[in-house]
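Colleague: Dropping in structure.csv, which is CSV, C-alpha atoms and all ligand atoms:
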```
chain,number,residue,atom,x,y,z
A,949,MET,CA,104.2,84.6,82.6
A,950,ARG,CA,100.9,85.3,80.9
A,951,TRP,CA,97.6,83.6,80.7
A,952,ARG,CA,94.1,84.4,79.7
A,953,MET,CA,91.1,82.2,79.0
A,954,GLN,CA,87.6,83.0,77.8
A,955,TRP,CA,84.7,81.0,76.7
A,956,SER,CA,80.9,81.3,76.3
A,957,CYS,CA,78.8,81.7,79.3
A,958,ALA,CA,75.6,80.7,77.4
A,959,GLY,CA,73.5,78.9,79.8
A,960,LEU,CA,74.4,81.2,82.7
A,961,PRO,CA,71.2,81.7,84.7
A,962,GLY,CA,69.6,84.9,83.8
A,963,SER,CA,72.5,85.8,81.6
A,964,SER,CA,72.2,87.5,78.2
A,965,VAL,CA,75.9,87.5,77.6
A,966,SER,CA,77.0,86.5,74.1
A,967,PRO,CA,80.0,84.2,73.6
A,968,GLU,CA,81.8,87.1,72.0
A,969,SER,CA,81.2,89.4,75.0
A,970,PRO,CA,84.3,90.8,76.6
A,971,GLU,CA,84.3,91.4,80.3
A,972,LEU,CA,81.1,93.1,81.5
A,973,ALA,CA,81.1,96.2,83.5
A,974,LEU,CA,79.0,95.5,86.5
A,975,SER,CA,76.4,98.2,86.6
A,976,PRO,CA,73.0,97.8,88.1
A,977,ALA,CA,71.2,98.9,84.9
A,978,ASP,CA,72.7,96.6,82.3
A,979,ALA,CA,74.5,93.8,84.1
A,980,PRO,CA,73.1,90.3,83.8
A,981,SER,CA,71.6,89.1,87.1
A,982,LEU,CA,73.7,86.5,88.8
A,983,ARG,CA,73.6,85.6,92.5
A,984,VAL,CA,76.4,83.6,94.0
A,985,LEU,CA,76.8,81.9,97.3
A,986,GLY,CA,80.5,81.8,98.2
A,987,ILE,CA,82.2,79.6,100.8
A,988,GLU,CA,85.7,80.1,102.0
A,989,THR,CA,87.4,77.5,104.3
A,990,SER,CA,91.0,77.5,103.1
A,991,CYS,CA,92.7,78.1,106.5
A,992,ASP,CA,91.4,79.4,109.8
A,993,GLU,CA,88.4,81.5,108.9
A,994,THR,CA,85.0,80.2,107.8
A,995,GLY,CA,83.6,82.8,105.5
A,996,VAL,CA,80.3,82.8,103.7
A,997,ALA,CA,78.7,85.4,101.4
A,998,VAL,CA,76.0,86.1,98.9
A,999,TYR,CA,77.0,88.4,96.1
A,1000,ASP,CA,74.6,89.6,93.5
A,1001,SER,CA,75.9,91.1,90.2
A,1002,ARG,CA,73.2,93.8,90.2
A,1003,LEU,CA,72.7,94.4,93.9
A,1004,GLY,CA,76.1,93.9,95.3
A,1005,LEU,CA,76.9,92.1,98.5
A,1006,LEU,CA,73.7,90.9,100.1
A,1007,GLY,CA,74.9,89.0,103.1
A,1008,GLN,CA,78.1,87.8,104.7
A,1009,ALA,CA,79.2,85.9,107.8
A,1010,LEU,CA,82.6,85.1,109.2
A,1011,HIS,CA,83.9,82.9,112.0
A,1012,SER,CA,87.5,83.4,112.9
A,1013,GLN,CA,89.3,80.5,114.6
A,1014,ILE,CA,91.9,82.7,116.3
A,1015,ALA,CA,90.8,81.7,119.8
A,1016,LEU,CA,90.9,78.0,118.9
A,1017,HIS,CA,94.5,78.0,117.7
A,1018,GLN,CA,95.9,80.6,120.0
A,1019,ALA,CA,97.0,78.1,122.6
A,1020,TYR,CA,99.1,76.3,120.0
A,1021,GLY,CA,100.8,79.4,118.6
A,1022,GLY,CA,99.7,78.6,115.0
A,1023,VAL,CA,97.0,76.9,113.0
A,1024,VAL,CA,96.4,73.2,113.8
A,1025,PRO,CA,95.1,71.8,110.5
A,1026,GLU,CA,92.9,69.0,112.1
A,1027,LEU,CA,91.3,71.4,114.5
A,1028,ALA,CA,90.7,73.9,111.7
A,1029,SER,CA,88.9,71.3,109.6
A,1030,ARG,CA,86.7,70.2,112.5
A,1031,ASP,CA,85.7,73.7,113.3
A,1032,HIS,CA,84.8,74.5,109.7
A,1033,ILE,CA,82.5,71.4,109.8
A,1034,ALA,CA,80.8,72.8,112.9
A,1035,ARG,CA,80.5,76.4,111.6
A,1036,VAL,CA,79.8,76.3,107.9
A,1037,LEU,CA,76.2,75.4,107.7
A,1038,PRO,CA,74.9,77.7,110.4
A,1039,LEU,CA,76.9,80.5,108.7
A,1040,VAL,CA,75.3,79.6,105.3
A,1041,ASP,CA,71.9,79.8,107.0
A,1042,SER,CA,72.5,83.2,108.6
A,1043,THR,CA,74.0,84.6,105.4
A,1044,LEU,CA,71.1,83.5,103.3
A,1045,GLN,CA,68.7,85.0,105.9
A,1046,GLN,CA,70.6,88.3,105.9
A,1047,ALA,CA,70.5,88.3,102.1
A,1048,GLY,CA,66.7,87.6,102.1
A,1049,SER,CA,67.5,84.6,99.9
A,1050,ALA,CA,66.6,81.0,99.9
A,1051,LEU,CA,69.0,78.5,98.5
A,1052,SER,CA,66.7,78.2,95.5
A,1053,ASP,CA,67.3,81.9,94.7
A,1054,ILE,CA,71.0,81.3,94.4
A,1055,ASP,CA,72.3,80.8,90.8
A,1056,VAL,CA,75.7,79.3,91.5
A,1057,VAL,CA,77.5,77.9,94.6
A,1058,ALA,CA,81.2,78.8,94.7
A,1059,TYR,CA,83.9,77.5,97.1
A,1060,THR,CA,87.6,78.0,97.6
A,1061,ARG,CA,89.3,75.2,95.6
A,1062,GLY,CA,92.8,76.1,96.7
A,1063,PRO,CA,95.5,76.8,97.7
A,1064,GLY,CA,95.1,76.1,101.4
A,1065,LEU,CA,95.0,73.3,104.0
A,1066,ALA,CA,93.7,70.1,102.4
A,1067,GLY,CA,91.3,69.1,105.2
A,1068,ALA,CA,89.9,72.7,105.5
A,1069,LEU,CA,89.4,73.0,101.8
A,1070,LEU,CA,87.6,69.7,101.7
A,1071,VAL,CA,85.0,70.9,104.1
A,1072,GLY,CA,84.1,73.9,102.1
A,1073,ALA,CA,84.2,72.0,98.8
A,1074,GLY,CA,82.1,69.2,100.2
A,1075,VAL,CA,79.5,71.4,101.7
A,1076,ALA,CA,79.3,73.6,98.5
A,1077,ALA,CA,78.9,70.5,96.3
A,1078,ALA,CA,76.2,69.1,98.6
A,1079,LEU,CA,74.2,72.4,98.6
A,1080,ALA,CA,74.6,72.8,94.9
A,1081,MET,CA,73.5,69.3,94.1
A,1082,ALA,CA,70.5,69.5,96.5
A,1083,ALA,CA,69.3,72.7,95.0
A,1084,ASP,CA,70.2,71.7,91.4
A,1085,LYS,CA,72.6,74.6,90.9
A,1086,PRO,CA,76.0,74.9,89.2
A,1087,LEU,CA,79.1,74.5,91.3
A,1088,LEU,CA,82.3,76.5,90.8
A,1089,GLY,CA,85.7,76.2,92.5
A,1090,VAL,CA,87.6,79.5,93.0
A,1091,HIS,CA,91.3,80.3,93.3
A,1092,HIS,CA,91.9,81.8,96.7
A,1093,LEU,CA,94.5,84.2,95.5
A,1094,GLU,CA,92.3,85.5,92.7
A,1095,GLY,CA,89.7,86.1,95.4
A,1096,HIS,CA,92.3,88.2,97.3
A,1097,LEU,CA,93.4,89.9,94.2
A,1098,LEU,CA,89.9,91.1,93.2
A,1099,SER,CA,88.8,92.0,96.8
A,1100,PRO,CA,89.6,95.7,96.5
A,1101,LEU,CA,87.2,95.8,93.5
A,1102,LEU,CA,84.4,94.8,95.9
A,1103,SER,CA,84.3,98.2,97.5
A,1104,GLU,CA,85.5,100.1,94.4
A,1105,PRO,CA,83.6,98.6,91.5
A,1106,THR,CA,84.8,101.4,89.2
A,1107,LEU,CA,88.4,100.4,89.7
A,1108,ASP,CA,89.6,98.8,86.5
A,1109,PHE,CA,92.3,96.8,84.8
A,1110,PRO,CA,95.2,97.1,84.1
A,1111,PHE,CA,96.9,97.5,87.5
A,1112,ILE,CA,99.9,96.3,89.5
A,1113,ALA,CA,98.9,94.0,92.4
A,1114,LEU,CA,100.8,93.5,95.5
A,1115,LEU,CA,99.5,90.2,97.0
A,1116,VAL,CA,100.7,89.8,100.6
A,1117,SER,CA,99.2,87.0,102.7
A,1118,GLY,CA,100.4,84.5,105.2
A,1119,GLY,CA,101.6,82.1,102.5
A,1120,HIS,CA,102.2,84.3,99.5
A,1121,THR,CA,104.1,87.4,98.5
A,1122,MET,CA,103.8,88.4,94.8
A,1123,LEU,CA,103.8,91.3,92.5
A,1124,LEU,CA,101.5,90.8,89.5
A,1125,GLN,CA,100.6,92.8,86.5
A,1126,ALA,CA,96.8,92.3,86.2
A,1127,GLN,CA,96.0,93.1,82.6
A,1128,ALA,CA,92.4,91.9,82.6
A,1129,LEU,CA,90.3,89.5,84.5
A,1130,GLY,CA,92.1,86.1,84.4
A,1131,ASP,CA,95.2,87.7,82.8
A,1132,TYR,CA,97.8,88.0,85.6
A,1133,ARG,CA,101.5,88.2,84.8
A,1134,LEU,CA,103.8,87.3,87.6
A,1135,LEU,CA,106.5,90.0,88.0
A,1136,GLY,CA,108.1,88.8,91.2
A,1137,GLU,CA,107.5,86.7,94.3
A,1138,THR,CA,109.2,85.6,97.5
A,1139,VAL,CA,112.1,83.2,97.1
A,1140,ASP,CA,111.5,81.9,100.7
A,1141,ASP,CA,109.2,83.2,103.4
A,1142,ALA,CA,106.1,85.2,102.7
A,1143,ALA,CA,105.7,88.7,104.2
A,1144,GLY,CA,102.9,87.4,106.5
A,1145,GLU,CA,105.2,84.6,107.6
A,1146,ALA,CA,107.9,87.1,108.4
A,1147,PHE,CA,105.5,89.0,110.6
A,1148,ASP,CA,104.2,85.8,112.2
A,1149,LYS,CA,107.7,84.2,112.8
A,1150,SER,CA,109.2,87.5,114.2
A,1151,ALA,CA,106.2,87.9,116.4
A,1152,LYS,CA,106.7,84.5,117.8
A,1153,LEU,CA,110.3,85.3,118.5
A,1154,LEU,CA,109.1,88.3,120.4
A,1155,GLY,CA,106.8,86.2,122.5
A,1156,LEU,CA,103.6,87.5,120.9
A,1157,GLY,CA,100.5,85.4,120.3
A,1158,TYR,CA,99.0,84.1,117.1
A,1159,PRO,CA,98.3,85.6,114.6
A,1160,GLY,CA,101.5,87.5,114.9
A,1161,GLY,CA,101.1,90.1,112.2
A,1162,PRO,CA,98.4,92.3,113.9
A,1163,GLU,CA,100.0,91.7,117.3
A,1164,LEU,CA,103.4,92.8,116.1
A,1165,ALA,CA,101.9,95.8,114.5
A,1166,ARG,CA,100.2,96.8,117.7
A,1167,LEU,CA,103.4,96.5,119.7
A,1168,ALA,CA,105.3,98.4,117.0
A,1169,GLU,CA,103.2,101.5,117.7
A,1170,ARG,CA,105.1,102.0,120.9
A,1171,GLY,CA,108.5,101.3,119.5
A,1172,ASP,CA,111.3,103.2,117.8
A,1173,PRO,CA,112.2,101.5,114.5
A,1174,GLY,CA,115.6,103.2,114.5
A,1175,ALA,CA,116.7,101.4,117.7
A,1176,PHE,CA,117.7,98.3,115.8
A,1177,ASP,CA,119.4,98.0,112.4
A,1178,LEU,CA,117.8,95.2,110.5
A,1179,PRO,CA,118.6,94.0,107.0
A,1180,ARG,CA,116.4,94.9,104.0
A,1181,PRO,CA,116.7,91.7,102.0
A,1182,LYS,CA,116.7,92.2,98.2
A,1183,LEU,CA,115.9,95.9,98.6
A,1184,ARG,CA,118.5,96.8,95.9
A,1185,SER,CA,118.3,93.7,93.7
A,1186,ASP,CA,117.4,94.3,90.1
A,1187,ASP,CA,114.5,91.9,90.1
A,1188,LEU,CA,111.1,92.2,91.7
A,1189,ASP,CA,111.5,89.2,94.0
A,1190,PHE,CA,111.4,89.2,97.8
A,1191,SER,CA,113.3,87.3,100.5
A,1192,PHE,CA,112.3,87.4,104.2
A,1193,ALA,CA,114.0,84.4,105.7
A,1194,GLY,CA,117.2,86.3,106.5
A,1195,LEU,CA,115.2,89.0,108.3
A,1196,LYS,CA,113.6,86.4,110.6
A,1197,THR,CA,117.2,85.1,111.4
A,1198,ALA,CA,118.3,88.7,112.1
A,1199,VAL,CA,115.4,89.2,114.6
A,1200,LEU,CA,116.4,85.9,116.2
A,1201,THR,CA,120.0,87.0,116.5
A,1202,ARG,CA,118.9,90.3,118.2
A,1203,VAL,CA,116.5,88.4,120.6
A,1204,ARG,CA,119.3,86.0,121.6
A,1205,ALA,CA,121.9,88.8,122.0
A,1206,ILE,CA,119.6,90.6,124.5
A,1207,GLY,CA,118.6,87.4,126.2
A,1208,GLU,CA,116.3,87.1,129.2
A,1209,GLY,CA,116.6,90.7,130.1
A,1210,MET,CA,114.7,92.1,127.2
A,1211,ASP,CA,112.4,94.8,128.5
A,1212,GLU,CA,109.1,96.0,127.1
A,1213,GLN,CA,110.6,99.0,125.3
A,1214,GLN,CA,113.2,96.8,123.6
A,1215,ARG,CA,110.5,94.4,122.4
A,1216,ALA,CA,108.5,97.3,121.1
A,1217,ASP,CA,111.6,98.8,119.4
A,1218,LEU,CA,112.4,95.4,117.8
A,1219,ALA,CA,108.8,95.0,116.6
A,1220,ALA,CA,108.9,98.5,115.1
A,1221,ALA,CA,112.2,97.8,113.4
A,1222,THR,CA,110.9,94.5,112.0
A,1223,GLN,CA,107.7,96.1,110.6
A,1224,GLN,CA,109.7,98.9,109.1
A,1225,ALA,CA,112.1,96.5,107.3
A,1226,ILE,CA,109.3,94.4,105.9
A,1227,THR,CA,107.1,97.3,104.8
A,1228,GLU,CA,110.0,99.2,103.3
A,1229,VAL,CA,111.0,96.3,101.0
A,1230,LEU,CA,107.3,95.7,100.0
A,1231,ALA,CA,106.7,99.4,99.2
A,1232,ALA,CA,110.0,99.8,97.3
A,1233,LYS,CA,109.3,96.7,95.1
A,1234,ALA,CA,105.7,97.8,94.5
A,1235,VAL,CA,106.9,101.2,93.3
A,1236,ALA,CA,109.6,99.6,91.1
A,1237,ALA,CA,106.9,97.4,89.5
A,1238,LEU,CA,104.8,100.6,88.8
A,1239,ARG,CA,107.8,102.3,87.3
A,1240,ARG,CA,108.8,99.4,85.1
A,1241,SER,CA,105.3,98.7,83.8
A,1242,GLY,CA,104.4,102.4,83.3
A,1243,LEU,CA,101.1,101.7,85.1
A,1244,ARG,CA,100.0,104.1,87.8
A,1245,THR,CA,97.4,102.0,89.7
A,1246,LEU,CA,98.4,99.8,92.5
A,1247,VAL,CA,96.1,97.3,94.2
A,1248,VAL,CA,97.1,95.8,97.5
A,1249,ALA,CA,95.5,92.6,98.7
A,1250,GLY,CA,95.9,89.8,101.4
A,1251,GLY,CA,96.2,89.9,105.1
A,1252,VAL,CA,99.4,92.0,105.3
A,1253,GLY,CA,97.5,94.6,103.3
A,1254,ALA,CA,95.7,95.4,106.6
A,1255,ASN,CA,99.0,96.7,108.1
A,1256,LEU,CA,98.6,100.5,108.6
A,1257,SER,CA,102.4,101.2,108.4
A,1258,LEU,CA,102.5,99.5,105.0
A,1259,ARG,CA,99.5,101.5,103.9
A,1260,ALA,CA,101.1,104.8,105.0
A,1261,ARG,CA,104.3,104.0,103.2
A,1262,LEU,CA,102.5,103.0,100.0
A,1263,ASP,CA,100.3,106.1,100.2
A,1264,ALA,CA,103.3,108.3,100.4
A,1265,ALA,CA,105.3,106.5,97.7
A,1266,CYS,CA,102.4,106.4,95.3
A,1267,ALA,CA,101.6,110.1,95.9
A,1268,GLU,CA,105.2,110.9,95.0
A,1269,LEU,CA,105.0,108.9,91.8
A,1270,GLY,CA,101.5,110.2,90.8
A,1271,ALA,CA,100.0,106.7,91.2
A,1272,ARG,CA,96.7,105.7,92.8
A,1273,VAL,CA,96.7,102.9,95.4
A,1274,HIS,CA,93.7,100.8,96.4
A,1275,TYR,CA,93.2,98.5,99.3
A,1276,PRO,CA,90.3,96.2,100.3
A,1277,ALA,CA,88.2,97.3,103.2
A,1278,LEU,CA,90.2,96.2,106.3
A,1279,ALA,CA,87.7,93.4,107.0
A,1280,TRP,CA,88.4,92.0,103.5
A,1281,CYS,CA,92.2,91.9,103.7
A,1282,THR,CA,92.1,88.6,105.6
A,1283,ASP,CA,90.2,85.6,104.4
A,1284,ASN,CA,86.5,86.1,103.8
A,1285,GLY,CA,83.4,84.9,102.0
A,1286,PRO,CA,82.7,88.0,99.8
A,1287,MET,CA,85.9,87.7,97.9
A,1288,ILE,CA,85.1,84.2,96.8
A,1289,ALA,CA,81.5,84.9,95.8
A,1290,TYR,CA,82.7,88.1,94.0
A,1291,ALA,CA,85.6,86.3,92.1
A,1292,ALA,CA,83.2,83.6,91.0
A,1293,CYS,CA,80.6,86.1,89.8
A,1294,ARG,CA,83.2,88.1,87.8
A,1295,ARG,CA,84.6,85.0,86.2
A,1296,LEU,CA,81.2,83.7,85.2
A,1297,LEU,CA,80.1,87.0,83.8
A,1298,ALA,CA,83.3,87.4,81.9
A,1299,GLY,CA,82.8,84.0,80.3
A,1300,LEU,CA,86.0,82.6,81.8
A,1301,GLU,CA,84.0,79.8,83.5
A,1302,ARG,CA,81.2,77.7,82.3
A,1303,PRO,CA,78.5,77.0,84.9
A,1304,ARG,CA,78.5,73.2,85.5
A,1305,ARG,CA,76.1,70.9,87.2
A,1306,GLU,CA,78.9,68.5,88.1
A,1307,TYR,CA,79.3,67.6,91.7
A,1308,ALA,CA,82.5,65.5,91.6
A,1309,PHE,CA,84.4,68.3,93.4
A,1310,ASP,CA,88.1,68.5,93.9
A,1311,ILE,CA,90.5,70.7,95.8
A,1312,ARG,CA,94.0,72.0,95.0
A,1313,PRO,CA,96.0,72.5,98.3
A,1314,ARG,CA,98.9,73.6,96.2
A,1315,TRP,CA,97.8,75.7,93.3
A,1316,ASP,CA,99.9,78.3,91.5
A,1317,LEU,CA,98.0,81.2,90.1
A,1318,SER,CA,99.9,80.5,86.9
A,1319,GLU,CA,98.1,77.1,86.6
A,1320,LEU,CA,94.7,78.6,86.7
A,1321,ALA,CA,94.4,79.1,83.0
A,1322,ASP,CA,95.9,75.6,82.1
A,1323,ASP,CA,93.4,74.1,84.4
A,1324,MET,CA,90.5,75.9,82.7
A,1325,LEU,CA,91.7,74.7,79.4
A,1326,CYS,CA,91.7,71.1,80.6
A,1327,ARG,CA,88.2,71.4,81.9
A,1328,ARG,CA,87.0,73.1,78.7
A,1329,ASN,CA,88.4,70.2,76.6
A,1330,SER,CA,87.1,67.5,78.9
B,1,LIG,O1,95.3,86.6,103.6
B,1,LIG,P1,95.4,86.0,104.9
B,1,LIG,O2,94.2,86.2,105.9
B,1,LIG,O3,95.6,84.5,104.9
B,1,LIG,C1,96.3,83.8,103.9
B,1,LIG,O4,95.7,83.6,102.8
B,1,LIG,O5,97.5,83.5,104.2
B,1,LIG,O6,96.7,86.6,105.6
B,1,LIG,C2,97.1,86.2,106.9
B,1,LIG,C3,98.4,86.9,107.2
B,1,LIG,C4,99.0,86.4,108.5
B,1,LIG,O7,100.4,86.2,108.3
B,1,LIG,C5,98.8,87.6,109.4
B,1,LIG,O8,99.7,87.7,110.4
B,1,LIG,C6,98.9,88.8,108.4
B,1,LIG,O9,98.2,88.3,107.3
B,1,LIG,N1,98.3,90.0,108.9
B,1,LIG,C7,99.0,91.1,109.2
B,1,LIG,C8,98.1,92.1,109.7
B,1,LIG,N2,96.8,91.5,109.7
B,1,LIG,C9,97.0,90.2,109.2
B,1,LIG,N3,100.3,91.4,109.1
B,1,LIG,C10,100.7,92.6,109.5
B,1,LIG,N4,99.9,93.6,109.9
B,1,LIG,C11,98.6,93.4,110.1
B,1,LIG,N5,97.8,94.3,110.5
B,2,ZN,ZN,94.1,84.3,102.2
```
For this file, write the structure as structure tokens.
Modeller:
Amino acid sequence: MRWRMQWSCAGLPGSSVSPESPELALSPADAPSLRVLGIETSCDETGVAVYDSRLGLLGQALHSQIALHQAYGGVVPELASRDHIARVLPLVDSTLQQAGSALSDIDVVAYTRGPGLAGALLVGAGVAAALAMAADKPLLGVHHLEGHLLSPLLSEPTLDFPFIALLVSGGHTMLLQAQALGDYRLLGETVDDAAGEAFDKSAKLLGLGYPGGPELARLAERGDPGAFDLPRPKLRSDDLDFSFAGLKTAVLTRVRAIGEGMDEQQRADLAAATQQAITEVLAAKAVAALRRSGLRTLVVAGGVGANLSLRARLDAACAELGARVHYPALAWCTDNGPMIAYAACRRLLAGLERPRREYAFDIRPRWDLSELADDMLCRRNS
């Protein structure tokens, strides 16, 4: 699968980019000036940021809804939307203040257009459209997964395409060959549960709270992964796809077999075995993608990218292969505002987006990364 779009960004505020310009290296000296306000509300985090193409990240604020959903053991969509409504404007205010910017200093307002929870996305999109309209600024919807994909570049601006990307979040598990900005070729993905889902569901079976991934990782520190023999689904398959549903069933079977009498050490051992099974498959497939493509740069993004066991495994495997591996800062593995502001900024400067003063916003709760380019084409021709 392959897609790439480009068009003129003439009219970009403060931009001297010509329609023929390829992607621009962002360097303080020669980059056009573009300041983006980004708003992320796709799930259970309200994230806001101001990113400036010359100066970098100027401000950011995040509110996590973990405490709100904890009692329910998972995200309650209606509660998530209501909380975004309450949080987003105060967070915008504090982010602008931190950035030393007024809304009038912002060149473009960006929001997460999808994928995500419909009601939650609507809050961010509606607020972004209202702010953009009130300040007479262009509005831009961003693909959440492209935000994740580019997040490691936020802290390592010299990191460049092409690279292999392992995108591991609560809803997605993908291996992509990122050739250039907007040119992402899908190499493999999960055929059932996402890696984050496997962490979360296994954590629930072990009686852990939400979100399960970090809780399971904490418990696993005290466990012996060799104490339980769990399957490694698709580890030896020829493709680069993943499957985690069977692993969850295997954890359930072990939990049921032990029954009520499961002690703390057994729980920790099962957590460690689960984490090892998930991370082993992720690392093996990522290395296989590097080998097949011939590329020697791996970028890891998404919430599961915060898992230290996964990082250690990937570090070792990449060192053996002579490949470099890059992760986002830990705080930018999970959902956040900077990745949305940054992705918008990169797309605009590369000419992949045209800044528009059109405020009839929409959202895409289900939105394949592969549809991103088709969508651009429709908008360009409209
Ligand atoms: O990227 P993200 O914040 O949201 C989505 O876009 O889905 O990822 C959330 C997922 C959850 O499944 C969470 O349990 C998992 O990332 N996660 C972790 C860790 N931190 C977050 N999984 C394993 N280990 C972690 N340290
Ligand atoms: Zn996410």
Colleague: Just checking: using all atoms listed in the file, which residue out of A:Pro1063, A:Gly1251, A:Gly1270, A:Gly1095 ends up closest to ligand LIG 1 (chain B)?
Modeller: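 Distance minimum relative to ligand LIG 1 (chain B) lands on A:Gly1251.
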Colleague: Using 9 Å as the limit and counting all atoms listed in the file, can you tabulate each residue of chain A that touches ligand ZN 2 (chain B), with its shortest atom-to-atom distance in Å and the two atoms involved, as JSON lines?
Modeller:
```
{"residue": "A:Ser990", "atom": "CA", "partner": "B:ZN2", "partner_atom": "ZN", "distance": 7.5}
{"residue": "A:Cys991", "atom": "CA", "partner": "B:ZN2", "partner_atom": "ZN", "distance": 7.7}
{"residue": "A:Pro1063", "atom": "CA", "partner": "B:ZN2", "partner_atom": "ZN", "distance": 8.9}
{"residue": "A:Gly1064", "atom": "CA", "partner": "B:ZN2", "partner_atom": "ZN", "distance": 8.3}
{"residue": "A:His1092", "atom": "CA", "partner": "B:ZN2", "partner_atom": "ZN", "distance": 6.4}
{"residue": "A:Leu1093", "atom": "CA", "partner": "B:ZN2", "partner_atom": "ZN", "distance": 6.7}
{"residue": "A:Gly1095", "atom": "CA", "partner": "B:ZN2", "partner_atom": "ZN", "distance": 8.3}
{"residue": "A:His1096", "atom": "CA", "partner": "B:ZN2", "partner_atom": "ZN", "distance": 6.5}
{"residue": "A:Val1116", "atom": "CA", "partner": "B:ZN2", "partner_atom": "ZN", "distance": 8.7}
{"residue": "A:Ser1117", "atom": "CA", "partner": "B:ZN2", "partner_atom": "ZN", "distance": 5.8}
{"residue": "A:Gly1118", "atom": "CA", "partner": "B:ZN2", "partner_atom": "ZN", "distance": 7.0}
{"residue": "A:Gly1119", "atom": "CA", "partner": "B:ZN2", "partner_atom": "ZN", "distance": 7.8}
{"residue": "A:His1120", "atom": "CA", "partner": "B:ZN2", "partner_atom": "ZN", "distance": 8.5}
{"residue": "A:Gly1250", "atom": "CA", "partner": "B:ZN2", "partner_atom": "ZN", "distance": 5.8}
{"residue": "A:Gly1251", "atom": "CA", "partner": "B:ZN2", "partner_atom": "ZN", "distance": 6.6}
{"residue": "A:Cys1281", "atom": "CA", "partner": "B:ZN2", "partner_atom": "ZN", "distance": 8.0}
{"residue": "A:Thr1282", "atom": "CA", "partner": "B:ZN2", "partner_atom": "ZN", "distance": 5.8}
{"residue": "A:Asp1283", "atom": "CA", "partner": "B:ZN2", "partner_atom": "ZN", "distance": 4.7}
{"residue": "A:Asn1284", "atom": "CA", "partner": "B:ZN2", "partner_atom": "ZN", "distance": 8.0}
```
Colleague: Between A:Gly1072, A:Pro1038, A:Leu1129, A:Val1056, which has the minimum distance to Arg1294 of chain A (counting all atoms listed in the file)?
Modeller: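 Looking at the shortest contact to Arg1294 of chain A, the residue is A:Leu1129.
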Colleague: Excluding Ala1066 of chain A and any residue of its chain fewer than 4 positions from it, enumerate the residues within 10 Å of it, using all atoms listed in the file, and give them as a PDB file with C-alpha atoms, in the coordinates of the input.
Modeller:
```
ATOM      1  CA  THR A 989      87.400  77.500 104.300  1.00  0.00           C
ATOM      2  CA  SER A 990      91.000  77.500 103.100  1.00  0.00           C
ATOM      3  CA  CYS A 991      92.700  78.100 106.500  1.00  0.00           C
ATOM      4  CA  PRO A1025      95.100  71.800 110.500  1.00  0.00           C
ATOM      5  CA  GLU A1026      92.900  69.000 112.100  1.00  0.00           C
ATOM      6  CA  SER A1029      88.900  71.300 109.600  1.00  0.00           C
ATOM      7  CA  ARG A1061      89.300  75.200  95.600  1.00  0.00           C
ATOM      8  CA  GLY A1062      92.800  76.100  96.700  1.00  0.00           C
ATOM      9  CA  LEU A1070      87.600  69.700 101.700  1.00  0.00           C
ATOM     10  CA  VAL A1071      85.000  70.900 104.100  1.00  0.00           C
ATOM     11  CA  ILE A1311      90.500  70.700  95.800  1.00  0.00           C
ATOM     12  CA  ARG A1312      94.000  72.000  95.000  1.00  0.00           C
ATOM     13  CA  PRO A1313      96.000  72.500  98.300  1.00  0.00           C
ATOM     14  CA  ARG A1314      98.900  73.600  96.200  1.00  0.00           C
TER      15      ARG A1314
END
```
Colleague: Got a sec: who's within 6 Å of segment 1131-1147 of chain A, counting all atoms listed in the file, leaving out chain neighbours fewer than 6 positions off, as a list in words?
Modeller: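 Final neighbour list, sorted by chain and number: Met949, Arg950, Trp951, Arg952, Ser1117, Gly1118, Gly1119, His1120, Thr1121, Met1122, Leu1123, Leu1124, Gln1125, Gly1161, Leu1188, Asp1189, Phe1190, Ser1191, Phe1192, Ala1193 and Val1252 of chain A.
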Colleague: In terms of the shortest atom-to-atom distance over all atoms listed in the file, which of A:Arg1259, A:Arg1302, A:Arg1215, A:His1091 is closest to Glu1169 of chain A?
Modeller: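 The answer is A:Arg1215, which sits nearest to Glu1169 of chain A.
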Colleague: Go through A:Ala1232, A:Ala1219, A:Leu1246, A:Ala1308 one by one, measure the shortest atom-to-atom distance of each to ligand LIG 1 (chain B) using all atoms listed in the file, and give the residue with the smallest value.
Modeller: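 So, comparing all the options, the nearest one is A:Ala1219.
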Colleague: Skipping near chain neighbours, those fewer than 3 positions away, what residues fall within 10 Å of Asp1041 of chain A using all atoms listed in the file, listed as an NGL selection string?
Modeller: :A and (996 or 1009 or 1036-1038 or 1044-1047 or 1049-1051)
Colleague: Between A:Leu1102, A:Leu1164, A:Leu982, A:Leu1039, which has the minimum distance to ligand LIG 1 (chain B) (counting all atoms listed in the file)?
Modeller: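 Smallest separation from ligand LIG 1 (chain B) among the options: A:Leu1164.
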Colleague: For the atom pair atom CA of Tyr1290 of chain A and atom O1 of ligand LIG 1 (chain B), what is the interatomic distance in Å to one decimal place?
Modeller: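 Computing it gives 15.9 Å between the two atoms.
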